[in-house]
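Written below as structure tokens is the structure these notes are about.
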Amino acid sequence: MTSVRASAAMDRSYKLMLLPASLAVGIFAVAPLVGMFVLSFTDFHLIRGWSGKIGLQNFLRLAGDARFLSSIYVMAALSFFGVVAQVVIGTAIAVGLDRIVKSWRFARGIFVIPFAVPHIAVALIWLSLFTPTLSPITAFFATFGIEVPAMLTSQTGAIAAIVIADTWATTPFVMLIVLAALQGISPDLDEAAAMDGATRIRSFFLITLPLLYPTLLMVALFRFIETLKHFPLIFVMTSGGPGRATQATNYYAYVQTFQSSNVAYGAAIAVFLFIFAGIISFYIARSNARLSDA
Amino acid sequence: MFTKRRTVLAAALMLGTALAGPGAFAQQTEVDVLLFSMPSTLGLQKLAPDFEAETGIKTNIEVVGQDVFESRITLSFTGGTGDIDVVHTPAIQVQRWVEAGWLAPLTQTLSGMPDRDDIIPATLDSFKVGDDHWGIPFFAETGLLAYRKDLLEAAGKQPPTTWEEMLDVAAAIHSPDTAGVVMRAAPGQGFNMFVFPMIMRAYGGEFFADYPDDLTPTFNSPETLSALDVYIKLLGEYGPNGVSSFNFPEVVAAMQAGQAAMTVDGTSIVSQAVDPQKSRFADQIELALPPAGPAERAPALAVHGLGVSASAKDPEAAAKFVAWATSKETMTKLALNEAYPDFTRASIAEDPAVKEKYAGIQADFLDLRIAALQEARSDYRPLLPTWPELGAAMGENVNAALNGMMEPQEALDAANEEMGYILGQ
């Protein structure tokens, strides 16, 4: 009897302790989100205001908007190639650094540096590297008479350029998480496999990688959601160009909201992104849970 | 009940006024000014005590970054908070702000200004919407040509006065080390659409059938097509590698490092190419008027002014501040105190002290600048409320054509159709 009352009191005090955080989240996260949902059903325009109309018109317009559809293609390319490159390279570096001898541990710190560089600075660094007249890379190859083609003047090149800049900046995040997971895997497993005659490559693919799988899935999910939010790299490196070839969906929402003052339409694009990210996250989280249960 | 309370209140106020007497009751008038950071606005902030001494009006001048500025004014104006009396008004925004009812007209203030004829007409007319003026200019950027004197001389060429000649000169001086010409190309209303209209207008191209009365888009006219062909040929054949994604920082850098021999860009950009502290070829680069074409010479124009908020606490005091800040005296002081060759009154270029200060850029820099501004049209970029959107539609399609993603005519047709859609919305 007493224990039930005590636990009820504990429960209440826990709830009380959660209150400040819940309030903060409510005010700063949920309220703007609700605002965005509400806006997306109106026709609110920054200058013309709201005519009083409410409905699905923005979402219907999305379905027929060629610029929106091509923005999804750009977003998909940026996300897919970005996530694959970051996870593969990040894991490779983590595996290398995991077994490194003690005196070389500082190398871990060096690999993390790009992660600390602000996005705008990353964009400016890579913009100059991809601008032939400014780039030391171009200058280096020019001394051998080789002309490095300009990256930012074609769609493929510009998307590749953004993926490279993003990969440079965020691979350390993947590396850190994978490295932490690797440290949790007992070296005994590898040793046992080696005694049974397995090569190191075999034991990596058959033992380490399956054990890392939940971590990789989670880190890929994080990176995936982040790549949906591409903005500073596009804004600084390409201005959405050449033409409109790098206007990813998030960037297109900015264009509609701030350049064209179509706040409601921009909100509808943001709602689409939110739901899309939610669905993907849900499926990945569910398959992750299944794996952990198994 | 209500009326009774109001009467009592009014009586009390009247009594208070009578007792306090005129001097003591008059609280000091204050003007809240929001500007974004440029040498001239920072200089204005320093001069504010002069205004206070002259008029007894106290000023609170806040100078902020451009990004902060945008969100500050949007919040203040849409929320009607009344915390801004005088506002930095880029001409590009003025029609939007007027349509939204954010500004108060300054027509009367302007007609009361003693030497208004001194203000360069195109800069003043940039703030005209309907029959009223909604801002008074204090900053103007125009377009000039910058060219490498040594390379032109070596090729036996005169500096180009038309775009046709520019193609010819570019062909003659283009080499693997130094491209014939560099210009901004990145898509955007303030990027490629700041320079492309100089070519378009030179060939007789217009944005609309008859701006501002008939806004039928005419961006796919044969004239604009000839201009786009020139732009593509200049950059495609005689531009440095990768030029079709260049924005103004890359243009400046290419001129400063000697990777390109000519450019046509804004005054603030070309003056960096002739700045000995920044440019390796400063002593070899000369400035001249931008090239003309069969139709006209159409120097670029970007103007900033001061406007009075529709919700200003004391519109009269606010207007007084605007008149003071844009007066000949204040502008001359600013031109002498700061790096500010961007004044909007022609007579200041005649002031001997000012002349001497800017002679370092080039002996006739100020005269060239005034000459270009006198030829500029206030509708260089038609500053409709939808201009940001229209400019983006044109800029993005022009950039696509430059990068070979679309045929020139196809790009102009696409832009024209989008303009029609934007205006018809």
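In the structure tokens, the first chain shown is A, the next is B, and so on; residue numbers restart at 1 for each chain, and ligands run from 1 in the order shown.
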
Close residues, Pro408 in chain B itself excluded, 10 Å, only C-alpha atoms, min 3 positions apart in chain, as a ChimeraX atom specification
/B:220,224-226,228-229,232,397-402,404-405,411-414

Taking the DSSP secondary structure from the backbone, can you list the residues of range 184-421 of chain B that are alpha helix (DSSP H), as a VMD selection string?
chain B and resid 192 to 202 222 to 238 248 to 256 267 to 273 315 to 325 328 to 337 352 to 358 365 to 375 387 to 402 408 to 421

Could you give me, as a PyMOL selection string, the residues within 9 Å of range 292-297 of chain B, counting only C-alpha atoms and dropping anything in the same chain fewer than 4 positions from it?
chain B and resi 161-164+198-205+372+375-376

Only residues of chain A matter here; which ones have an atom within 10 Å of chain B, counting only C-alpha atoms? Give them as number ranges by chain.
A: 46-49, 127-128, 130-134, 147-155, 158, 237-245, 255-256, 258-261

Would you mind exporting the chosen residues as a CSV table (one decimal), in the first residue's frame, restricted to C-alpha atoms?
```csv
chain,number,residue,atom,x,y,z
A,46,LEU,CA,3.4,38.1,-47.4
A,47,ILE,CA,2.2,41.2,-49.2
A,48,ARG,CA,-1.4,40.4,-50.3
A,49,GLY,CA,-2.3,38.8,-47.0
A,127,LEU,CA,33.1,27.2,-53.7
A,128,SER,CA,36.6,28.4,-54.0
A,130,PHE,CA,35.4,24.4,-57.4
A,131,THR,CA,35.9,27.8,-59.0
A,132,PRO,CA,38.6,27.2,-61.6
A,133,THR,CA,40.1,30.7,-61.4
A,134,LEU,CA,40.5,30.4,-57.6
A,147,GLU,CA,42.5,21.4,-67.5
A,148,VAL,CA,40.2,20.4,-64.7
A,149,PRO,CA,36.6,20.9,-65.9
A,150,ALA,CA,34.4,23.3,-64.1
A,151,MET,CA,32.0,21.5,-61.8
A,152,LEU,CA,29.4,24.1,-61.1
A,153,THR,CA,28.3,24.7,-64.6
A,154,SER,CA,26.4,21.4,-65.2
A,155,GLN,CA,23.7,19.7,-63.1
A,158,ALA,CA,27.0,20.8,-59.3
A,237,MET,CA,27.9,27.4,-53.9
A,238,THR,CA,25.4,27.4,-56.7
A,239,SER,CA,22.5,29.9,-55.9
A,240,GLY,CA,20.3,27.0,-57.1
A,241,GLY,CA,22.0,26.9,-60.5
A,242,PRO,CA,23.1,26.2,-63.1
A,243,GLY,CA,19.6,27.3,-64.2
A,244,ARG,CA,17.5,25.7,-61.5
A,245,ALA,CA,19.4,22.4,-61.5
A,255,VAL,CA,12.3,30.4,-52.9
A,256,GLN,CA,8.6,30.3,-52.7
A,258,PHE,CA,10.9,34.5,-49.2
A,259,GLN,CA,11.5,35.3,-52.9
A,260,SER,CA,8.0,35.0,-54.1
A,261,SER,CA,6.3,35.8,-50.8
```

All residues 6 Å or closer to range 107-118 of chain B, only C-alpha atoms, same chain fewer than 6 positions away omitted, as a PyMOL selection string
chain B and resi 132-133+345-346

Selection near range 195-208 of chain A, 12 Å with only C-alpha atoms, sequence-local residues under 2 positions removed, as a PyMOL selection string:
chain A and resi 91-92+95-96+98+178-179+181-193+210-216

Atoms to include: N, CA, C and O atoms. Write the selected residues as a compact mmCIF listing (two decimals), in the first residue's frame.
```
# COMPACT_ATOMS: atom_id res chain seq x y z
N THR A 91 32.57 4.82 -42.03
CA THR A 91 32.81 3.50 -41.45
C THR A 91 34.25 3.05 -41.71
O THR A 91 34.93 2.54 -40.81
N ALA A 92 34.70 3.28 -42.92
CA ALA A 92 36.07 2.88 -43.26
C ALA A 92 37.09 3.57 -42.36
O ALA A 92 38.00 2.94 -41.81
N VAL A 95 36.87 2.14 -38.78
CA VAL A 95 37.50 0.83 -38.64
C VAL A 95 39.01 1.00 -38.57
O VAL A 95 39.69 0.39 -37.74
N GLY A 96 39.53 1.90 -39.42
CA GLY A 96 40.97 2.15 -39.40
C GLY A 96 41.42 2.72 -38.06
O GLY A 96 42.44 2.30 -37.51
N ASP A 98 39.93 2.48 -35.18
CA ASP A 98 39.57 1.65 -34.03
C ASP A 98 40.77 0.85 -33.54
O ASP A 98 41.01 0.70 -32.35
N VAL A 178 30.23 5.47 -35.39
CA VAL A 178 30.63 4.11 -35.71
C VAL A 178 31.81 3.69 -34.83
O VAL A 178 31.87 2.56 -34.35
N LEU A 179 32.71 4.63 -34.59
CA LEU A 179 33.86 4.32 -33.75
C LEU A 179 33.41 3.93 -32.34
O LEU A 179 33.89 2.94 -31.76
N ALA A 181 30.59 2.62 -31.56
CA ALA A 181 29.97 1.29 -31.64
C ALA A 181 31.03 0.20 -31.74
O ALA A 181 30.92 -0.86 -31.12
N LEU A 182 32.08 0.49 -32.50
CA LEU A 182 33.15 -0.49 -32.66
C LEU A 182 33.83 -0.81 -31.33
O LEU A 182 34.20 -1.95 -31.05
N GLN A 183 33.98 0.25 -30.53
CA GLN A 183 34.63 0.04 -29.24
C GLN A 183 33.81 -0.87 -28.33
O GLN A 183 34.34 -1.47 -27.41
N GLY A 184 32.52 -0.95 -28.63
CA GLY A 184 31.64 -1.79 -27.82
C GLY A 184 31.65 -3.25 -28.26
O GLY A 184 31.06 -4.11 -27.62
N ILE A 185 32.27 -3.53 -29.42
CA ILE A 185 32.31 -4.91 -29.90
C ILE A 185 33.56 -5.58 -29.33
O ILE A 185 34.66 -5.08 -29.48
N SER A 186 33.36 -6.70 -28.69
CA SER A 186 34.48 -7.36 -28.02
C SER A 186 35.51 -7.87 -29.02
O SER A 186 35.15 -8.51 -30.02
N PRO A 187 36.79 -7.58 -28.80
CA PRO A 187 37.84 -8.09 -29.70
C PRO A 187 37.91 -9.62 -29.67
O PRO A 187 38.45 -10.24 -30.59
N ASP A 188 37.34 -10.23 -28.60
CA ASP A 188 37.35 -11.70 -28.50
C ASP A 188 36.73 -12.36 -29.73
O ASP A 188 37.19 -13.41 -30.19
N LEU A 189 35.68 -11.71 -30.26
CA LEU A 189 34.98 -12.29 -31.41
C LEU A 189 35.93 -12.43 -32.60
O LEU A 189 35.98 -13.46 -33.25
N ASP A 190 36.67 -11.35 -32.86
CA ASP A 190 37.62 -11.38 -33.97
C ASP A 190 38.71 -12.41 -33.73
O ASP A 190 39.12 -13.13 -34.65
N GLU A 191 39.18 -12.44 -32.47
CA GLU A 191 40.25 -13.40 -32.14
C GLU A 191 39.78 -14.82 -32.35
O GLU A 191 40.50 -15.66 -32.92
N ALA A 192 38.55 -15.09 -31.89
CA ALA A 192 38.00 -16.45 -32.05
C ALA A 192 37.90 -16.81 -33.53
O ALA A 192 38.27 -17.90 -33.96
N ALA A 193 37.43 -15.83 -34.33
CA ALA A 193 37.28 -16.07 -35.76
C ALA A 193 38.64 -16.33 -36.39
O ALA A 193 38.80 -17.21 -37.24
N PRO A 210 27.71 -7.05 -39.37
CA PRO A 210 26.35 -7.34 -38.85
C PRO A 210 26.12 -6.75 -37.47
O PRO A 210 25.01 -6.28 -37.18
N LEU A 211 27.16 -6.74 -36.63
CA LEU A 211 26.98 -6.16 -35.30
C LEU A 211 26.82 -4.63 -35.37
O LEU A 211 26.20 -4.03 -34.51
N LEU A 212 27.43 -4.05 -36.39
CA LEU A 212 27.33 -2.59 -36.56
C LEU A 212 26.01 -2.17 -37.20
O LEU A 212 25.66 -1.01 -37.18
N TYR A 213 25.31 -3.13 -37.78
CA TYR A 213 24.17 -2.79 -38.63
C TYR A 213 23.18 -1.81 -38.00
O TYR A 213 22.83 -0.80 -38.60
N PRO A 214 22.73 -2.06 -36.75
CA PRO A 214 21.78 -1.11 -36.15
C PRO A 214 22.37 0.31 -36.06
O PRO A 214 21.68 1.28 -36.33
N THR A 215 23.65 0.39 -35.73
CA THR A 215 24.30 1.70 -35.64
C THR A 215 24.33 2.38 -37.00
O THR A 215 24.03 3.55 -37.13
N LEU A 216 24.69 1.61 -38.01
CA LEU A 216 24.78 2.19 -39.36
C LEU A 216 23.42 2.68 -39.82
O LEU A 216 23.30 3.74 -40.43
```

I'd like the neighbourhood of range 217-223 of chain A as a PyMOL selection string, where a residue qualifies if any of its atoms comes within 8 Å (using only C-alpha atoms), though same-chain residues fewer than 6 positions away should be ignored.
chain A and resi 83+87+174+177+281+284-285+288

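When CA of Phe281 in chain B is paired with CA of Ala261 in chain B, their separation reads 10.0 Å.
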
Provide the CA of Tyr421 in chain B to CA of Ser126 in chain B distance in Å, to one decimal place.
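CA of Ser126 in chain B lies 25.0 Å from CA of Tyr421 in chain B.
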